[in-house]
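Dropping upload_19.csv in here (CSV, C-alpha atoms):
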```csv
chain,number,residue,atom,x,y,z
J,1,MET,CA,-1.8,-60.8,55.7
J,2,ALA,CA,-1.1,-60.0,52.1
J,3,GLN,CA,1.3,-57.1,51.4
J,4,ARG,CA,-0.3,-54.1,49.6
J,5,ARG,CA,1.2,-53.4,46.2
J,6,ALA,CA,2.1,-49.9,45.2
J,7,SER,CA,-0.4,-48.4,42.9
J,8,THR,CA,2.0,-46.1,41.2
J,9,LYS,CA,4.1,-48.8,39.6
J,10,GLY,CA,7.3,-46.8,39.9
J,11,PHE,CA,5.9,-43.5,38.6
J,12,LYS,CA,6.2,-40.2,40.5
J,13,ARG,CA,4.3,-37.0,40.3
J,14,THR,CA,5.8,-34.3,38.3
J,15,SER,CA,5.4,-31.9,41.2
J,16,SER,CA,7.7,-34.0,43.4
J,17,LEU,CA,10.3,-34.2,40.7
J,18,LEU,CA,10.4,-30.6,39.8
J,19,GLY,CA,9.6,-29.1,43.2
J,20,ASP,CA,13.2,-28.5,44.2
J,21,ARG,CA,14.2,-27.0,40.8
J,22,ILE,CA,11.2,-24.7,40.8
J,23,ARG,CA,11.9,-23.5,44.4
J,24,THR,CA,15.6,-22.9,43.5
J,25,ALA,CA,14.7,-20.9,40.4
J,26,SER,CA,12.1,-18.8,42.2
J,27,GLU,CA,14.3,-18.2,45.2
J,28,SER,CA,17.1,-16.9,42.9
J,29,ARG,CA,14.6,-14.1,41.9
J,30,GLY,CA,13.7,-13.5,45.5
J,31,PHE,CA,10.4,-15.4,45.6
J,32,ALA,CA,10.3,-17.2,48.9
J,33,GLN,CA,6.7,-18.2,48.1
J,34,SER,CA,6.5,-19.7,44.7
J,35,ARG,CA,2.7,-19.4,45.0
J,36,LEU,CA,3.2,-15.7,44.1
J,37,LEU,CA,4.4,-16.8,40.6
J,38,THR,CA,2.1,-19.8,40.1
J,39,HIS,CA,-1.1,-18.3,41.4
J,40,TRP,CA,-0.6,-14.7,40.5
J,41,ALA,CA,-4.1,-14.4,38.9
J,42,GLU,CA,-5.7,-15.6,42.1
J,43,ILE,CA,-3.6,-13.4,44.4
J,44,ALA,CA,-3.7,-10.1,42.4
J,45,GLY,CA,-7.1,-10.6,40.8
J,46,PRO,CA,-7.8,-11.2,37.1
J,47,SER,CA,-7.8,-7.5,36.2
J,48,VAL,CA,-4.3,-7.0,37.5
J,49,ALA,CA,-3.0,-10.3,36.3
J,50,GLU,CA,-4.0,-9.5,32.7
J,51,ILE,CA,-1.8,-6.4,32.7
J,52,ALA,CA,1.1,-7.2,35.0
J,53,ARG,CA,3.2,-10.0,36.3
J,54,PRO,CA,5.8,-10.3,39.1
J,55,VAL,CA,9.4,-10.5,38.0
J,56,GLU,CA,11.4,-10.0,41.2
J,57,VAL,CA,11.3,-9.6,44.9
J,58,SER,CA,14.4,-7.7,46.1
J,59,TYR,CA,15.3,-7.5,49.8
J,60,THR,CA,17.1,-4.5,51.3
J,61,ARG,CA,20.2,-4.8,53.4
J,62,GLY,CA,18.5,-3.6,56.6
J,63,GLY,CA,15.8,-6.3,56.2
J,64,MET,CA,13.0,-3.7,56.5
J,65,GLY,CA,10.7,-5.2,53.9
J,66,ALA,CA,11.1,-6.2,50.3
J,67,THR,CA,10.3,-4.6,47.0
J,68,LEU,CA,8.1,-6.4,44.6
J,69,THR,CA,8.8,-5.5,41.0
J,70,LEU,CA,5.9,-5.9,38.5
J,71,LEU,CA,6.4,-5.9,34.8
J,72,THR,CA,3.7,-4.2,32.7
J,73,THR,CA,3.2,-2.4,29.4
J,74,GLY,CA,3.5,1.4,29.2
J,75,ALA,CA,-0.2,2.1,28.9
J,76,GLN,CA,-1.1,0.1,32.0
J,77,ALA,CA,1.5,1.5,34.3
J,78,THR,CA,-0.6,4.4,35.5
J,79,MET,CA,-3.5,2.0,36.3
J,80,LEU,CA,-1.2,-0.2,38.4
J,81,GLU,CA,0.3,2.8,40.1
J,82,MET,CA,-3.1,3.6,41.6
J,83,GLN,CA,-3.5,0.0,42.8
J,84,LYS,CA,-0.1,-0.4,44.5
J,85,GLU,CA,-1.4,-0.5,48.0
J,86,GLN,CA,-4.1,-3.1,47.2
J,87,ILE,CA,-1.6,-5.3,45.4
J,88,ARG,CA,0.8,-5.0,48.3
J,89,ALA,CA,-1.9,-6.0,50.8
J,90,LYS,CA,-2.9,-9.0,48.7
J,91,VAL,CA,0.7,-10.2,48.3
J,92,ASN,CA,1.4,-9.8,52.0
J,93,ALA,CA,-1.7,-11.9,52.8
J,94,VAL,CA,0.0,-14.7,50.9
J,95,TYR,CA,3.2,-14.4,52.9
J,96,GLY,CA,1.2,-14.1,56.1
J,97,TYR,CA,3.1,-11.1,57.4
J,98,ASN,CA,4.2,-7.7,56.1
J,99,ALA,CA,7.0,-9.0,53.8
J,100,ILE,CA,6.5,-6.6,50.9
J,101,ALA,CA,7.1,-2.9,51.9
J,102,ARG,CA,7.1,-1.5,48.4
J,103,VAL,CA,5.7,-2.3,44.9
J,104,ARG,CA,7.8,-1.1,42.0
J,105,ILE,CA,6.4,-1.0,38.5
J,106,THR,CA,8.7,-1.4,35.5
J,107,GLN,CA,7.7,-1.0,31.9
J,108,THR,CA,10.7,-2.8,30.5
J,109,ALA,CA,12.2,-6.2,31.3
J,110,PRO,CA,14.9,-5.9,34.1
J,111,THR,CA,16.8,-8.9,32.6
J,112,GLY,CA,17.2,-7.9,29.0
J,113,PHE,CA,15.1,-7.6,25.9
J,114,ALA,CA,15.1,-11.2,24.9
J,115,GLU,CA,14.5,-12.9,28.2
J,116,GLY,CA,11.7,-10.8,29.7
J,117,GLN,CA,9.4,-9.9,26.9
J,118,VAL,CA,5.9,-9.1,28.0
J,119,ALA,CA,3.4,-11.7,26.9
J,120,PHE,CA,0.2,-10.9,28.8
J,121,ALA,CA,-3.0,-12.6,27.7
J,122,ALA,CA,-5.6,-10.2,26.4
J,123,ARG,CA,-9.0,-10.5,27.8
J,124,LYS,CA,-11.1,-12.6,25.5
J,125,ALA,CA,-14.5,-11.1,24.6
J,126,ASP,CA,-17.4,-13.3,25.4
J,127,THR,CA,-18.9,-13.9,22.0
J,128,ALA,CA,-21.4,-16.6,23.0
J,129,PRO,CA,-24.9,-15.1,23.4
J,130,ALA,CA,-26.5,-15.8,26.8
J,131,ARG,CA,-29.3,-18.3,26.7
J,132,LEU,CA,-32.4,-16.9,28.1
J,133,ASP,CA,-35.2,-19.0,29.6
J,134,PRO,CA,-38.3,-18.5,27.4
J,135,LYS,CA,-40.4,-18.5,30.5
J,136,ASP,CA,-38.5,-15.5,31.9
J,137,VAL,CA,-38.7,-13.7,28.6
J,138,ALA,CA,-42.5,-14.2,28.3
J,139,GLN,CA,-42.9,-12.9,31.9
J,140,ALA,CA,-40.8,-9.8,31.0
J,141,LEU,CA,-42.9,-9.1,27.9
J,142,GLN,CA,-46.1,-9.6,29.8
J,143,THR,CA,-44.9,-7.2,32.5
J,144,VAL,CA,-44.2,-4.4,30.0
J,145,ALA,CA,-47.2,-5.1,27.7
J,146,PRO,CA,-49.6,-2.5,29.4
J,147,VAL,CA,-47.2,0.4,28.7
J,148,ALA,CA,-48.8,2.5,26.0
J,149,ASP,CA,-45.7,4.4,24.7
J,150,ASP,CA,-43.9,2.2,22.1
J,151,GLY,CA,-40.4,3.7,22.8
J,152,LEU,CA,-40.7,3.2,26.5
J,153,ARG,CA,-42.0,-0.3,26.1
J,154,GLN,CA,-39.1,-1.3,23.8
J,155,ALA,CA,-36.7,0.3,26.2
J,156,LEU,CA,-38.2,-1.6,29.1
J,157,GLU,CA,-38.0,-4.9,27.1
J,158,ARG,CA,-34.3,-4.2,26.4
J,159,LEU,CA,-33.7,-3.5,30.1
J,160,GLY,CA,-35.5,-6.7,31.1
J,161,THR,CA,-33.4,-8.7,28.6
J,162,ASN,CA,-30.2,-7.1,29.9
J,163,ILE,CA,-31.2,-8.0,33.5
J,164,LEU,CA,-32.1,-11.5,32.5
J,165,THR,CA,-28.8,-11.9,30.7
J,166,ARG,CA,-26.8,-10.7,33.8
J,167,LYS,CA,-28.7,-13.1,36.0
J,168,THR,CA,-27.9,-16.1,33.8
J,169,HIS,CA,-24.4,-15.0,32.8
J,170,PRO,CA,-22.5,-13.3,35.7
```

Could you write out this structure as structure tokens?
Amino acid sequence: MAQRRASTKGFKRTSSLLGDRIRTASESRGFAQSRLLTHWAEIAGPSVAEIARPVEVSYTRGGMGATLTLLTTGAQATMLEMQKEQIRAKVNAVYGYNAIARVRITQTAPTGFAEGQVAFAARKADTAPARLDPKDVAQALQTVAPVADDGLRQALERLGTNILTRKTHP
């Protein structure tokens, strides 16, 4: 029986080389689950991830739950304040138990001005027009054609176009 040759030819995946270093760095900030850092947009949701990011998980001496510190800009702090419980529930779902007891929101970097500058990606506007199926557009125009009032017919045409755009472009 011929011996199987390794297909990697001595190369290793980057994740296996950097896994220990990433875990050590994230644990120094209190992140037992590095997924909280790497998959923040999936955990918190895109709307929260655009305006905030986790910077620290601090544990109390009594061990009665941790505090998750989120960094945000001043204008977004009130929006996050209202969503604290939802964020806490989502993060605890990642941990699998009630690990996070409190969510703290900070508007400045806890590590200093140079190290923790906020660099959140702004939501990019969708500039590409939605492509409409000509068959659907023709059906919408045919549906509103019997309407005698021009203003109402045009409003219905715009409504139909908006509905078709939503259907093809969620």

- Query: Could you name the residues that touch stretch 151-157 of chain J at 12 Å or less, counting all atoms listed in the file, but leaving out those on the same chain fewer than 6 positions away, as a list in words?
  - Reply: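 Final neighbour list, sorted by chain and number: Asp136, Val137, Ala138, Gln139, Ala140, Leu141, Gln142, Thr143, Val144, Ala145, Ile163 and Leu164 of chain J.
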
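Nearest-residue note for J:Asn92: choosing from J:Thr67, J:Thr14, J:Thr106, J:Gln76, the minimum distance belongs to J:Thr67, counting all atoms listed in the file.
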
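Pairwise distance (atom CA of J:Ala101, atom CA of J:Pro54) equals 14.8 Å.
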
- Enter the distance from atom CA of J:Gly45 to atom CA of J:Asn162, in Å, rounded to one decimal.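 Going from atom CA of J:Gly45 over to atom CA of J:Asn162, I get 25.8 Å.
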
- Task: Within 12 Å of J:Thr78, counting only C-alpha atoms, which residues show up once you throw out same-chain ones fewer than 3 positions away? Write them as a ChimeraX atom specification, please.
- Result: /J:51-52,72-75,81-84,104-107

Can you write out the residues you just picked, keeping C-alpha atoms, as a tab-separated table (two decimals), keeping the file's coordinate frame?
```
chain	number	residue	atom	x	y	z
J	51	ILE	CA	-1.80	-6.40	32.70
J	52	ALA	CA	1.10	-7.20	35.00
J	72	THR	CA	3.70	-4.20	32.70
J	73	THR	CA	3.20	-2.40	29.40
J	74	GLY	CA	3.50	1.40	29.20
J	75	ALA	CA	-0.20	2.10	28.90
J	81	GLU	CA	0.30	2.80	40.10
J	82	MET	CA	-3.10	3.60	41.60
J	83	GLN	CA	-3.50	0.00	42.80
J	84	LYS	CA	-0.10	-0.40	44.50
J	104	ARG	CA	7.80	-1.10	42.00
J	105	ILE	CA	6.40	-1.00	38.50
J	106	THR	CA	8.70	-1.40	35.50
J	107	GLN	CA	7.70	-1.00	31.90
```

- Item | Close residues, J:Trp40 itself excluded, 8 Å, all atoms listed in the file, min 3 positions apart in chain, as an NGL selection string | :J and (35-37 or 43-45 or 49 or 53-54)

- Query: If you measure from atom CA of J:Leu132 to atom CA of J:Pro46, what distance in Å do you get, rounded to one decimal?
  - Reply: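 Rounded to one decimal, the two atoms are 26.8 Å apart.
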
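Of the listed residues J:Leu80, J:Val55, J:Leu70, J:Met64, the one whose atoms come nearest to J:Asn98 is J:Met64, with distances taken using only C-alpha atoms.
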
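The residue that comes closest to J:Ile100, out of J:Ala66, J:Leu17, J:Leu159, J:Val147 and on the basis of all atoms listed in the file, is J:Ala66.
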
- Message: Restricting the calculation to all atoms listed in the file: of J:Arg131, J:Lys90, J:Arg102, J:His39, which residue gets closest to J:Thr69?
- Response: J:Arg102
